[in-house]
file input_28.pdb (PDB, C-alpha atoms and all ligand atoms)
MODEL        1
ATOM      1  CA  MET A   1     -13.803 -23.016  41.696
ATOM      2  CA  SER A   2     -15.012 -19.939  39.798
ATOM      3  CA  LYS A   3     -13.833 -16.530  40.907
ATOM      4  CA  LYS A   4     -14.941 -13.030  40.079
ATOM      5  CA  ASP A   5     -12.775  -9.943  39.637
ATOM      6  CA  LEU A   6     -13.510  -6.247  40.075
ATOM      7  CA  LEU A   7     -11.523  -4.501  37.375
ATOM      8  CA  SER A   8     -14.231  -2.159  36.142
ATOM      9  CA  ILE A   9     -17.585  -0.899  37.371
ATOM     10  CA  TYR A  10     -19.009  -2.783  34.388
ATOM     11  CA  ASP A  11     -18.071  -6.023  36.186
ATOM     12  CA  LEU A  12     -20.973  -5.253  38.536
ATOM     13  CA  LYS A  13     -24.680  -5.466  37.788
ATOM     14  CA  LYS A  14     -27.062  -2.888  39.234
ATOM     15  CA  GLU A  15     -28.317  -5.423  41.803
ATOM     16  CA  GLU A  16     -24.774  -6.211  42.924
ATOM     17  CA  ILE A  17     -23.993  -2.529  43.398
ATOM     18  CA  SER A  18     -27.178  -2.145  45.455
ATOM     19  CA  THR A  19     -26.190  -5.141  47.579
ATOM     20  CA  LEU A  20     -22.658  -3.789  48.109
ATOM     21  CA  LEU A  21     -24.019  -0.390  49.149
ATOM     22  CA  ARG A  22     -26.565  -1.923  51.527
ATOM     23  CA  GLU A  23     -23.802  -3.994  53.093
ATOM     24  CA  ALA A  24     -21.523  -0.947  53.383
ATOM     25  CA  PHE A  25     -24.232   1.040  55.191
ATOM     26  CA  LYS A  26     -24.833  -1.903  57.526
ATOM     27  CA  LEU A  27     -21.116  -2.231  58.305
ATOM     28  CA  LYS A  28     -20.860   1.508  58.912
ATOM     29  CA  SER A  29     -23.786   1.583  61.317
ATOM     30  CA  GLU A  30     -22.930  -1.610  63.204
ATOM     31  CA  LYS A  31     -19.229  -0.781  63.655
ATOM     32  CA  LYS A  32     -18.632  -4.453  64.565
ATOM     33  CA  TYR A  33     -15.421  -6.352  63.965
ATOM     34  CA  LEU A  34     -15.864  -9.792  62.415
ATOM     35  CA  ASP A  35     -13.658 -12.848  62.086
ATOM     36  CA  VAL A  36     -14.992 -14.155  58.798
ATOM     37  CA  PHE A  37     -11.575 -13.950  57.114
ATOM     38  CA  LYS A  38      -9.609 -15.779  59.824
ATOM     39  CA  GLY A  39      -6.499 -17.237  58.169
ATOM     40  CA  LYS A  40      -7.104 -15.440  54.880
ATOM     41  CA  VAL A  41      -4.459 -13.187  53.410
ATOM     42  CA  LEU A  42      -5.003 -10.269  51.018
ATOM     43  CA  GLY A  43      -2.046  -9.295  48.830
ATOM     44  CA  MET A  44      -1.721  -5.669  47.790
ATOM     45  CA  ILE A  45       0.469  -4.486  44.916
ATOM     46  CA  PHE A  46       0.606  -0.690  44.550
ATOM     47  CA  GLU A  47       2.711   0.557  41.643
ATOM     48  CA  LYS A  48       1.725   4.134  42.555
ATOM     49  CA  PRO A  49       1.334   5.912  45.923
ATOM     50  CA  SER A  50      -1.882   5.507  47.900
ATOM     51  CA  THR A  51      -3.167   6.608  51.276
ATOM     52  CA  ARG A  52      -6.917   5.917  51.289
ATOM     53  CA  THR A  53      -7.138   2.797  49.150
ATOM     54  CA  ARG A  54      -4.178   1.052  50.729
ATOM     55  CA  VAL A  55      -5.018   1.866  54.351
ATOM     56  CA  ALA A  56      -8.755   1.274  53.909
ATOM     57  CA  PHE A  57      -8.147  -2.192  52.379
ATOM     58  CA  SER A  58      -5.602  -3.080  55.090
ATOM     59  CA  THR A  59      -7.888  -1.915  57.884
ATOM     60  CA  ALA A  60     -10.903  -3.595  56.319
ATOM     61  CA  MET A  61      -9.066  -6.910  56.055
ATOM     62  CA  ILE A  62      -7.878  -6.736  59.689
ATOM     63  CA  GLN A  63     -11.319  -5.723  61.010
ATOM     64  CA  LEU A  64     -12.797  -8.716  59.160
ATOM     65  CA  GLY A  65     -10.344 -11.091  60.820
ATOM     66  CA  GLY A  66      -7.852 -11.550  57.961
ATOM     67  CA  SER A  67      -4.381 -10.203  57.202
ATOM     68  CA  PRO A  68      -3.251  -7.813  54.469
ATOM     69  CA  ILE A  69       0.267  -7.918  53.107
ATOM     70  CA  SER A  70       1.840  -5.163  51.106
ATOM     71  CA  LEU A  71       3.790  -6.492  48.134
ATOM     72  CA  GLU A  72       6.054  -3.599  47.228
ATOM     73  CA  PRO A  73       6.630  -3.706  43.452
ATOM     74  CA  GLU A  74      10.326  -2.895  43.776
ATOM     75  CA  ASN A  75      10.779  -6.023  45.928
ATOM     76  CA  LEU A  76       8.900  -8.412  43.662
ATOM     77  CA  GLN A  77      10.611 -10.415  40.934
ATOM     78  CA  LEU A  78       8.218  -8.716  38.479
ATOM     79  CA  LYS A  79      10.649  -5.839  38.757
ATOM     80  CA  ARG A  80      13.373  -8.091  37.296
ATOM     81  CA  GLY A  81      11.205  -9.299  34.467
ATOM     82  CA  GLU A  82       9.234 -12.224  35.904
ATOM     83  CA  SER A  83       6.070 -12.553  33.862
ATOM     84  CA  ILE A  84       2.664 -11.554  35.201
ATOM     85  CA  HIS A  85       1.536 -15.064  34.313
ATOM     86  CA  ASP A  86       4.073 -16.706  36.641
ATOM     87  CA  ALA A  87       3.561 -14.193  39.464
ATOM     88  CA  ALA A  88      -0.226 -14.540  39.260
ATOM     89  CA  VAL A  89      -0.135 -18.341  39.335
ATOM     90  CA  VAL A  90       2.272 -18.409  42.288
ATOM     91  CA  LEU A  91       0.466 -15.721  44.322
ATOM     92  CA  SER A  92      -2.836 -17.539  43.769
ATOM     93  CA  GLY A  93      -1.378 -20.451  45.707
ATOM     94  CA  TYR A  94      -0.762 -18.294  48.785
ATOM     95  CA  LEU A  95      -3.387 -15.564  48.874
ATOM     96  CA  SER A  96      -7.170 -15.296  49.044
ATOM     97  CA  GLY A  97      -7.327 -12.133  46.959
ATOM     98  CA  LEU A  98      -5.175  -9.554  45.242
ATOM     99  CA  VAL A  99      -5.653  -5.784  45.235
ATOM    100  CA  ILE A 100      -3.661  -4.050  42.533
ATOM    101  CA  ARG A 101      -2.967  -0.431  41.514
ATOM    102  CA  THR A 102      -1.245  -0.207  38.158
ATOM    103  CA  PHE A 103      -0.078   2.296  35.591
ATOM    104  CA  LYS A 104      -1.548   0.175  32.800
ATOM    105  CA  HIS A 105      -5.078  -1.159  33.060
ATOM    106  CA  TYR A 106      -3.986  -4.034  30.813
ATOM    107  CA  ASP A 107      -1.778  -5.333  33.652
ATOM    108  CA  THR A 108      -4.781  -5.680  35.980
ATOM    109  CA  GLU A 109      -6.465  -7.706  33.224
ATOM    110  CA  GLU A 110      -3.392  -9.889  32.840
ATOM    111  CA  PHE A 111      -3.280 -10.555  36.596
ATOM    112  CA  ALA A 112      -6.982 -11.400  36.570
ATOM    113  CA  LYS A 113      -6.578 -13.700  33.578
ATOM    114  CA  TYR A 114      -3.915 -15.867  35.171
ATOM    115  CA  SER A 115      -4.991 -15.726  38.851
ATOM    116  CA  THR A 116      -7.346 -18.215  40.387
ATOM    117  CA  ILE A 117      -8.129 -15.713  43.174
ATOM    118  CA  PRO A 118     -10.218 -12.506  42.868
ATOM    119  CA  VAL A 119      -8.325  -9.483  41.565
ATOM    120  CA  ILE A 120      -9.546  -6.032  42.581
ATOM    121  CA  ASN A 121      -8.558  -2.894  40.701
ATOM    122  CA  ALA A 122      -7.335  -0.331  43.236
ATOM    123  CA  LEU A 123      -6.956   2.286  40.437
ATOM    124  CA  SER A 124      -5.542   2.040  36.949
ATOM    125  CA  ASP A 125      -5.121   4.640  34.225
ATOM    126  CA  ILE A 126      -8.653   3.784  33.027
ATOM    127  CA  GLU A 127     -10.802   3.156  36.119
ATOM    128  CA  HIS A 128     -11.118   3.478  39.874
ATOM    129  CA  PRO A 129     -14.146   1.298  40.663
ATOM    130  CA  CYS A 130     -13.621   1.138  44.447
ATOM    131  CA  GLN A 131     -13.751   4.924  44.569
ATOM    132  CA  SER A 132     -17.065   5.290  42.782
ATOM    133  CA  LEU A 133     -18.824   2.883  45.161
ATOM    134  CA  ALA A 134     -17.818   5.133  48.079
ATOM    135  CA  ASP A 135     -18.902   8.183  46.054
ATOM    136  CA  ILE A 136     -22.411   6.838  45.543
ATOM    137  CA  MET A 137     -22.625   5.740  49.173
ATOM    138  CA  THR A 138     -21.723   9.276  50.259
ATOM    139  CA  ILE A 139     -24.328  10.907  48.007
ATOM    140  CA  MET A 140     -26.993   8.516  49.335
ATOM    141  CA  GLU A 141     -25.931   9.167  52.920
ATOM    142  CA  ILE A 142     -25.888  12.953  52.685
ATOM    143  CA  TYR A 143     -29.076  13.227  50.627
ATOM    144  CA  LYS A 144     -30.719  10.512  52.760
ATOM    145  CA  VAL A 145     -31.577   8.359  49.746
ATOM    146  CA  LYS A 146     -32.358   4.827  50.924
ATOM    147  CA  VAL A 147     -32.358   2.941  47.611
ATOM    148  CA  VAL A 148     -30.452   3.518  44.388
ATOM    149  CA  GLU A 149     -33.732   3.674  42.441
ATOM    150  CA  ASN A 150     -34.432   7.030  44.131
ATOM    151  CA  LEU A 151     -31.026   8.484  43.368
ATOM    152  CA  LYS A 152     -32.008   9.820  39.961
ATOM    153  CA  GLU A 153     -33.532  12.903  41.630
ATOM    154  CA  VAL A 154     -29.991  14.016  42.496
ATOM    155  CA  LYS A 155     -28.131  15.826  39.713
ATOM    156  CA  ILE A 156     -24.483  14.754  39.856
ATOM    157  CA  VAL A 157     -21.920  16.848  38.001
ATOM    158  CA  TYR A 158     -18.284  15.910  37.551
ATOM    159  CA  ILE A 159     -16.148  18.829  36.403
ATOM    160  CA  GLY A 160     -12.496  18.730  35.387
ATOM    161  CA  ASP A 161     -10.249  16.095  33.875
ATOM    162  CA  GLY A 162     -12.013  13.122  32.248
ATOM    163  CA  ASN A 163      -9.717  10.668  34.030
ATOM    164  CA  ASN A 164      -9.978   7.256  35.738
ATOM    165  CA  VAL A 165     -12.177   8.636  38.550
ATOM    166  CA  ALA A 166     -14.468  10.341  36.018
ATOM    167  CA  ASN A 167     -14.667   7.143  33.956
ATOM    168  CA  SER A 168     -15.805   5.061  36.940
ATOM    169  CA  LEU A 169     -18.321   7.679  38.054
ATOM    170  CA  LEU A 170     -19.688   7.816  34.525
ATOM    171  CA  ALA A 171     -19.847   4.019  34.441
ATOM    172  CA  ILE A 172     -21.623   3.639  37.789
ATOM    173  CA  SER A 173     -24.113   6.350  36.778
ATOM    174  CA  ALA A 174     -24.804   4.520  33.524
ATOM    175  CA  VAL A 175     -25.292   1.165  35.259
ATOM    176  CA  LEU A 176     -27.487   2.550  38.059
ATOM    177  CA  GLY A 177     -29.562   4.837  35.819
ATOM    178  CA  LEU A 178     -28.513   8.158  37.401
ATOM    179  CA  ASN A 179     -28.608  11.803  36.327
ATOM    180  CA  PHE A 180     -24.964  12.503  35.525
ATOM    181  CA  THR A 181     -23.274  15.387  33.734
ATOM    182  CA  LEU A 182     -19.586  15.423  32.882
ATOM    183  CA  ILE A 183     -18.064  18.829  32.137
ATOM    184  CA  SER A 184     -14.588  18.769  30.684
ATOM    185  CA  PRO A 185     -12.634  20.722  28.077
ATOM    186  CA  HIS A 186     -12.717  18.761  24.843
ATOM    187  CA  GLN A 187      -9.000  17.877  25.127
ATOM    188  CA  CYS A 188      -9.674  16.195  28.485
ATOM    189  CA  LEU A 189     -12.893  14.291  27.789
ATOM    190  CA  PRO A 190     -12.954  10.546  28.516
ATOM    191  CA  LYS A 191     -11.970   8.305  25.610
ATOM    192  CA  LYS A 192     -14.620   7.517  23.020
ATOM    193  CA  ASP A 193     -14.896   3.844  24.003
ATOM    194  CA  MET A 194     -15.731   4.838  27.609
ATOM    195  CA  LEU A 195     -18.366   7.297  26.405
ATOM    196  CA  ASP A 196     -19.882   4.793  23.958
ATOM    197  CA  LYS A 197     -20.086   2.133  26.630
ATOM    198  CA  ALA A 198     -21.765   4.505  29.086
ATOM    199  CA  PHE A 199     -24.402   5.529  26.521
ATOM    200  CA  GLU A 200     -25.005   1.882  25.661
ATOM    201  CA  TYR A 201     -25.693   1.062  29.341
ATOM    202  CA  ALA A 202     -27.732   4.248  29.793
ATOM    203  CA  SER A 203     -30.063   3.205  26.996
ATOM    204  CA  SER A 204     -31.211   0.255  29.098
ATOM    205  CA  SER A 205     -30.822   1.678  32.618
ATOM    206  CA  GLY A 206     -32.580   4.970  31.828
ATOM    207  CA  ALA A 207     -29.605   7.040  32.990
ATOM    208  CA  VAL A 208     -29.545  10.655  31.845
ATOM    209  CA  ILE A 209     -25.948  11.264  30.797
ATOM    210  CA  ARG A 210     -24.678  14.582  29.473
ATOM    211  CA  ILE A 211     -21.126  15.108  28.224
ATOM    212  CA  THR A 212     -20.193  18.709  27.597
ATOM    213  CA  SER A 213     -17.468  21.356  27.762
ATOM    214  CA  ASP A 214     -20.008  24.020  28.718
ATOM    215  CA  ILE A 215     -19.534  25.120  32.340
ATOM    216  CA  SER A 216     -23.056  26.578  32.527
ATOM    217  CA  GLU A 217     -24.351  22.974  32.548
ATOM    218  CA  ILE A 218     -23.463  22.984  36.239
ATOM    219  CA  LYS A 219     -26.774  24.739  36.888
ATOM    220  CA  ASN A 220     -28.998  23.013  39.471
ATOM    221  CA  ALA A 221     -26.233  20.560  40.362
ATOM    222  CA  ASP A 222     -26.817  18.850  43.714
ATOM    223  CA  VAL A 223     -23.364  17.262  43.718
ATOM    224  CA  ILE A 224     -20.234  18.816  42.247
ATOM    225  CA  TYR A 225     -17.347  16.416  41.989
ATOM    226  CA  THR A 226     -13.806  17.129  40.941
ATOM    227  CA  ASP A 227     -10.440  15.397  40.932
ATOM    228  CA  VAL A 228      -6.816  16.381  40.294
ATOM    229  CA  TRP A 229      -5.863  17.696  36.867
ATOM    230  CA  ILE A 230      -2.596  15.762  36.796
ATOM    231  CA  SER A 231      -3.182  12.126  37.609
ATOM    232  CA  MET A 232      -0.339   9.845  38.620
ATOM    233  CA  GLY A 233       1.629   8.972  35.494
ATOM    234  CA  TYR A 234       0.711  12.193  33.648
ATOM    235  CA  GLU A 235       3.181  14.544  35.345
ATOM    236  CA  ASN A 236       4.836  15.499  32.039
ATOM    237  CA  GLU A 237       1.572  17.129  30.881
ATOM    238  CA  MET A 238       1.390  19.444  33.909
ATOM    239  CA  GLU A 239       1.715  22.907  32.352
ATOM    240  CA  ASN A 240      -0.593  22.268  29.427
ATOM    241  CA  ARG A 241      -3.271  20.682  31.588
ATOM    242  CA  LYS A 242      -3.264  23.504  34.137
ATOM    243  CA  ARG A 243      -3.775  26.049  31.367
ATOM    244  CA  ILE A 244      -6.627  24.141  29.755
ATOM    245  CA  LEU A 245      -8.388  23.222  32.988
ATOM    246  CA  MET A 246      -8.158  26.485  34.959
ATOM    247  CA  PRO A 247     -11.636  27.684  33.796
ATOM    248  CA  TYR A 248     -13.035  24.446  35.273
ATOM    249  CA  GLN A 249     -11.710  25.063  38.797
ATOM    250  CA  VAL A 250     -14.239  24.472  41.592
ATOM    251  CA  ASN A 251     -14.319  27.841  43.341
ATOM    252  CA  LYS A 252     -16.819  30.180  44.979
ATOM    253  CA  GLU A 253     -17.876  31.762  41.676
ATOM    254  CA  LEU A 254     -18.515  28.405  40.037
ATOM    255  CA  LEU A 255     -20.597  27.225  42.999
ATOM    256  CA  LYS A 256     -22.932  30.210  42.598
ATOM    257  CA  LYS A 257     -24.098  28.585  39.375
ATOM    258  CA  ALA A 258     -25.095  25.318  41.116
ATOM    259  CA  SER A 259     -27.998  24.531  43.467
ATOM    260  CA  SER A 260     -27.726  26.513  46.715
ATOM    261  CA  LYS A 261     -27.871  23.215  48.631
ATOM    262  CA  CYS A 262     -25.200  21.457  46.581
ATOM    263  CA  ILE A 263     -22.414  19.432  48.144
ATOM    264  CA  VAL A 264     -18.862  19.121  46.852
ATOM    265  CA  LEU A 265     -17.023  15.817  46.543
ATOM    266  CA  HIS A 266     -13.375  15.058  45.811
ATOM    267  CA  CYS A 267     -11.789  11.609  45.851
ATOM    268  CA  LEU A 268      -8.562  13.113  47.317
ATOM    269  CA  PRO A 269      -5.694  13.798  47.350
ATOM    270  CA  ALA A 270      -6.562  17.392  46.378
ATOM    271  CA  VAL A 271      -4.330  20.103  44.985
ATOM    272  CA  ARG A 272      -5.686  23.301  46.520
ATOM    273  CA  GLY A 273      -5.397  26.137  44.029
ATOM    274  CA  ASP A 274      -5.678  23.801  41.024
ATOM    275  CA  GLU A 275      -8.926  21.881  40.642
ATOM    276  CA  ILE A 276     -10.412  23.211  43.904
ATOM    277  CA  THR A 277      -9.753  26.272  46.044
ATOM    278  CA  ALA A 278      -8.746  26.017  49.711
ATOM    279  CA  GLU A 279     -11.890  27.976  50.551
ATOM    280  CA  VAL A 280     -14.161  25.385  48.920
ATOM    281  CA  MET A 281     -12.217  22.523  50.505
ATOM    282  CA  ASN A 282     -12.741  24.083  53.924
ATOM    283  CA  LYS A 283     -16.408  24.775  53.394
ATOM    284  CA  TYR A 284     -17.196  21.283  52.089
ATOM    285  CA  GLY A 285     -14.821  19.298  54.301
ATOM    286  CA  TYR A 286     -17.775  17.437  55.775
ATOM    287  CA  SER A 287     -18.866  15.806  52.519
ATOM    288  CA  ILE A 288     -15.311  15.264  51.247
ATOM    289  CA  PHE A 289     -14.030  13.578  54.403
ATOM    290  CA  THR A 290     -17.209  11.515  54.800
ATOM    291  CA  GLN A 291     -16.512  10.304  51.259
ATOM    292  CA  ALA A 292     -12.970   9.333  52.294
ATOM    293  CA  GLU A 293     -14.242   7.472  55.380
ATOM    294  CA  ASN A 294     -16.738   5.598  53.231
ATOM    295  CA  ARG A 295     -13.853   4.024  51.331
ATOM    296  CA  LEU A 296     -13.378   1.787  54.394
ATOM    297  CA  HIS A 297     -17.003   0.656  54.560
ATOM    298  CA  THR A 298     -17.389   0.067  50.826
ATOM    299  CA  GLN A 299     -14.075  -1.772  50.579
ATOM    300  CA  LYS A 300     -15.138  -4.025  53.453
ATOM    301  CA  ALA A 301     -18.292  -4.780  51.507
ATOM    302  CA  ILE A 302     -16.188  -5.467  48.392
ATOM    303  CA  LEU A 303     -13.946  -7.898  50.282
ATOM    304  CA  LEU A 304     -16.942  -9.725  51.776
ATOM    305  CA  HIS A 305     -18.532  -9.990  48.322
ATOM    306  CA  PHE A 306     -15.488 -11.000  46.299
ATOM    307  CA  LEU A 307     -13.369 -13.074  48.697
TER     308      LEU A 307
HETATM  309  N1  LIG A 401      -8.829   8.417  46.402
HETATM  310  C1  LIG A 401      -7.803   7.548  46.456
HETATM  311  O1  LIG A 401      -7.800   6.495  45.807
HETATM  312  O2  LIG A 401      -6.806   7.919  47.285
HETATM  313  P1  LIG A 401      -5.396   7.207  47.439
HETATM  314  O3  LIG A 401      -4.611   7.486  46.177
HETATM  315  O4  LIG A 401      -4.797   7.854  48.643
HETATM  316  O5  LIG A 401      -5.605   5.744  47.615
HETATM  317  N1  LIG A 402      -7.018  10.618  39.131
HETATM  318  C1  LIG A 402      -6.124  10.474  40.252
HETATM  319  C2  LIG A 402      -6.821   9.788  41.366
HETATM  320  C3  LIG A 402      -6.010   9.588  42.605
HETATM  321  C4  LIG A 402      -6.742   8.845  43.662
HETATM  322  C5  LIG A 402      -4.885   9.712  39.818
HETATM  323  O1  LIG A 402      -5.005   8.733  39.071
HETATM  324  O2  LIG A 402      -3.786  10.087  40.217
ENDMDL
END

call {"tool": "encode", "arguments": {"input": "input_28.pdb", "output": "structure tokens"}}
result
Amino acid sequence: MSKKDLLSIYDLKKEEISTLLREAFKLKSEKKYLDVFKGKVLGMIFEKPSTRTRVAFSTAMIQLGGSPISLEPENLQLKRGESIHDAAVVLSGYLSGLVIRTFKHYDTEEFAKYSTIPVINALSDIEHPCQSLADIMTIMEIYKVKVVENLKEVKIVYIGDGNNVANSLLAISAVLGLNFTLISPHQCLPKKDMLDKAFEYASSSGAVIRITSDISEIKNADVIYTDVWISMGYENEMENRKRILMPYQVNKELLKKASSKCIVLHCLPAVRGDEITAEVMNKYGYSIFTQAENRLHTQKAILLHFL
């Protein structure tokens, strides 16, 4: 039986993303519990902390009639050197799907290679595909955009560290043909292969992608998105990153440069006083917490699609 994994946004075609978003909106509005996954078990391996992704996947699985189990890395034999190959083959015999958050993206690929069940990337150092689906859902919901084809009218700006979250937002914008600007100091831009891939997709999707270090490019932004400056696994770069990224903080002054009707998004967890001020967090709590809630609806749609 063939299976499909979600390791990167590029694993999804535009039509599949549209279908997932339609399904997520339907699930959100119907608020029904289903029993489609009766007897199915979802394994979850989180090498790094998680609140939203872990709880949203667990809740989604339960509300769809299945059971999630948390496979704590320190209690797996992987910790003692068992190979990913052996773990993946064995777990495939028990589970219906595997959600995995890793330090190294390569490990998600290894799990996917040797598993016969779908593997879903719950964040790696390179991508966070589940997050960007909820991000797009939130923009559509708040701007009342019914179909992704009409989303290009909305200017989306990501400002800050060119990290995993930025990479997936860039990727989904490139696939869907959106108007996306990434503003980052040159030391923190996404890696060249991520940029090249996005421009390659944009050339066929019609996406307008701008990559810049110039903060004034925030002008007319309808959506301003930021994320932490020190991602999990990069703690040793803290001081240097804070110094470089401080001019890119989302604060009241910066927002004056954007559209007066703009919304602010943040994947959370946030560090108030670093990438975003407490004042901006308070003012834009509605959009940011709607975005967090939408993780549940999009992850339900992902489970229904992939399992
Ligand atoms: N945004 C996000 O993935 O949050 P968690 O780290 O809490 O899962
Ligand atoms: N970029 C952040 C996202 C957390 C959800 C990190 O990787 O830590």

call {"tool": "resolve_selection", "arguments": {"input": "input_28.pdb", "expression": "the PyMOL selection byres (((chain A and resi 165) around 10) and not hetatm)", "output": "number ranges by chain"}}
result
A: 123-132, 158, 161-164, 166-171, 225-228, 231, 266-267

call {"tool": "closest_residue", "arguments": {"input": "input_28.pdb", "among": "A:Val271, A:Met281, A:Val36, A:Ala88", "to": "ligand LIG 402 (chain A)", "atoms": "only C-alpha atoms and all ligand atoms"}}
result
A:Val271

call {"tool": "axis_aligned_box", "arguments": {"input": "input_28.pdb", "around": "ligand LIG 402 (chain A)", "padding_each_side": "3 Å", "output": "JSON"}}
result
{"center_x": -5.4, "center_y": 9.7, "center_z": 41.4, "size_x": 9.2, "size_y": 7.9, "size_z": 10.6}

call {"tool": "closest_residue", "arguments": {"input": "input_28.pdb", "among": "A:Gly66, A:Pro49, A:Pro118, A:Gly285", "to": "Leu7 in chain A", "atoms": "all atoms listed in the file"}}
result
A:Pro118

call {"tool": "resolve_selection", "arguments": {"input": "input_28.pdb", "expression": "the PyMOL selection byres (((chain A and resi 107) around 12) and not hetatm)", "output": "ChimeraX atom specification"}}
result
/A:7,45,47,78,83-85,87-88,100-106,108-114,119-121,123-126

call {"tool": "write_last_selection", "arguments": {"input": "input_28.pdb", "atoms": "C-alpha atoms", "output": "short mmCIF file (atom, residue, chain, number, x, y, z; two decimals), in the frame of the given file"}}
result
data_model
loop_
_atom_site.label_atom_id
_atom_site.label_comp_id
_atom_site.auth_asym_id
_atom_site.auth_seq_id
_atom_site.Cartn_x
_atom_site.Cartn_y
_atom_site.Cartn_z
CA LEU A 7 -11.52 -4.50 37.38
CA ILE A 45 0.47 -4.49 44.92
CA GLU A 47 2.71 0.56 41.64
CA LEU A 78 8.22 -8.72 38.48
CA SER A 83 6.07 -12.55 33.86
CA ILE A 84 2.66 -11.55 35.20
CA HIS A 85 1.54 -15.06 34.31
CA ALA A 87 3.56 -14.19 39.46
CA ALA A 88 -0.23 -14.54 39.26
CA ILE A 100 -3.66 -4.05 42.53
CA ARG A 101 -2.97 -0.43 41.51
CA THR A 102 -1.25 -0.21 38.16
CA PHE A 103 -0.08 2.30 35.59
CA LYS A 104 -1.55 0.18 32.80
CA HIS A 105 -5.08 -1.16 33.06
CA TYR A 106 -3.99 -4.03 30.81
CA THR A 108 -4.78 -5.68 35.98
CA GLU A 109 -6.46 -7.71 33.22
CA GLU A 110 -3.39 -9.89 32.84
CA PHE A 111 -3.28 -10.56 36.60
CA ALA A 112 -6.98 -11.40 36.57
CA LYS A 113 -6.58 -13.70 33.58
CA TYR A 114 -3.92 -15.87 35.17
CA VAL A 119 -8.32 -9.48 41.56
CA ILE A 120 -9.55 -6.03 42.58
CA ASN A 121 -8.56 -2.89 40.70
CA LEU A 123 -6.96 2.29 40.44
CA SER A 124 -5.54 2.04 36.95
CA ASP A 125 -5.12 4.64 34.22
CA ILE A 126 -8.65 3.78 33.03
#

call {"tool": "resolve_selection", "arguments": {"input": "input_28.pdb", "expression": "the PyMOL selection byres (((chain A and resi 223) around 6) and not hetatm)", "output": "ChimeraX atom specification"}}
result
/A:156-157,221-222,224,262-264

call {"tool": "atom_distance", "arguments": {"input": "input_28.pdb", "atom1": "CA of Ile139 in chain A", "atom2": "CA of Phe37 in chain A"}}
result
29.4 Å

call {"tool": "closest_residue", "arguments": {"input": "input_28.pdb", "among": "A:Met194, A:Lys152, A:Leu133, A:Leu64", "to": "Lys31 in chain A", "atoms": "only C-alpha atoms"}}
result
A:Leu64

call {"tool": "residues_near_point", "arguments": {"input": "input_28.pdb", "point": "(-29.8, 12.4, 45.3)", "cutoff": "7 Å", "atoms": "only C-alpha atoms", "output": "number ranges by chain"}}
result
A: 139-140, 143, 145, 151-155

call {"tool": "residues_around", "arguments": {"input": "input_28.pdb", "residues": "His186 in chain A", "least_positions_apart": "5", "cutoff": "12 Å", "atoms": "all atoms listed in the file", "output": "NGL selection string"}}
result
:A and (160-162 or 191-192 or 211-215 or 241 or 244-245 or 248)

call {"tool": "write_last_selection", "arguments": {"input": "input_28.pdb", "atoms": "C-alpha atoms", "output": "tab-separated table (two decimals), in the coordinates of the input"}}
result
chain	number	residue	atom	x	y	z
A	160	GLY	CA	-12.50	18.73	35.39
A	161	ASP	CA	-10.25	16.10	33.88
A	162	GLY	CA	-12.01	13.12	32.25
A	191	LYS	CA	-11.97	8.30	25.61
A	192	LYS	CA	-14.62	7.52	23.02
A	211	ILE	CA	-21.13	15.11	28.22
A	212	THR	CA	-20.19	18.71	27.60
A	213	SER	CA	-17.47	21.36	27.76
A	214	ASP	CA	-20.01	24.02	28.72
A	215	ILE	CA	-19.53	25.12	32.34
A	241	ARG	CA	-3.27	20.68	31.59
A	244	ILE	CA	-6.63	24.14	29.76
A	245	LEU	CA	-8.39	23.22	32.99
A	248	TYR	CA	-13.04	24.45	35.27

call {"tool": "atom_distance", "arguments": {"input": "input_28.pdb", "atom1": "CA of Ile230 in chain A", "atom2": "atom N1 of ligand LIG 402 (chain A)"}}
result
7.2 Å

call {"tool": "residues_around", "arguments": {"input": "input_28.pdb", "residues": "Ala56 in chain A", "least_positions_apart": "5", "cutoff": "9 Å", "atoms": "all atoms listed in the file", "output": "ChimeraX atom specification"}}
result
/A:51,61,293,295-297,299-300

call {"tool": "closest_residue", "arguments": {"input": "input_28.pdb", "among": "A:Ala301, A:Leu95, A:Leu189, A:Thr116", "to": "Ser2 in chain A", "atoms": "all atoms listed in the file"}}
result
A:Thr116

call {"tool": "closest_residue", "arguments": {"input": "input_28.pdb", "among": "A:Asn220, A:Ser18, A:Ser204, A:Ser70", "to": "Asn150 in chain A", "atoms": "all atoms listed in the file"}}
result
A:Ser18

call {"tool": "decode", "arguments": {"input": "input_28.pdb", "residues": "range 242-253 of chain A", "atoms": "C-alpha atoms", "output": "PDB file, in the first residue's frame"}}
result
ATOM      1  CA  LYS A 242      19.511  39.519  19.747  1.00  0.00           C
ATOM      2  CA  ARG A 243      21.966  42.220  18.700  1.00  0.00           C
ATOM      3  CA  ILE A 244      21.486  41.613  14.989  1.00  0.00           C
ATOM      4  CA  LEU A 245      17.712  41.242  15.116  1.00  0.00           C
ATOM      5  CA  MET A 246      16.728  44.066  17.492  1.00  0.00           C
ATOM      6  CA  PRO A 247      16.054  46.544  14.613  1.00  0.00           C
ATOM      7  CA  TYR A 248      13.552  43.990  13.255  1.00  0.00           C
ATOM      8  CA  GLN A 249      11.421  43.869  16.417  1.00  0.00           C
ATOM      9  CA  VAL A 250       7.658  44.115  15.831  1.00  0.00           C
ATOM     10  CA  ASN A 251       6.713  47.166  17.884  1.00  0.00           C
ATOM     11  CA  LYS A 252       4.412  50.176  17.682  1.00  0.00           C
ATOM     12  CA  GLU A 253       6.862  52.220  15.597  1.00  0.00           C
TER      13      GLU A 253
END
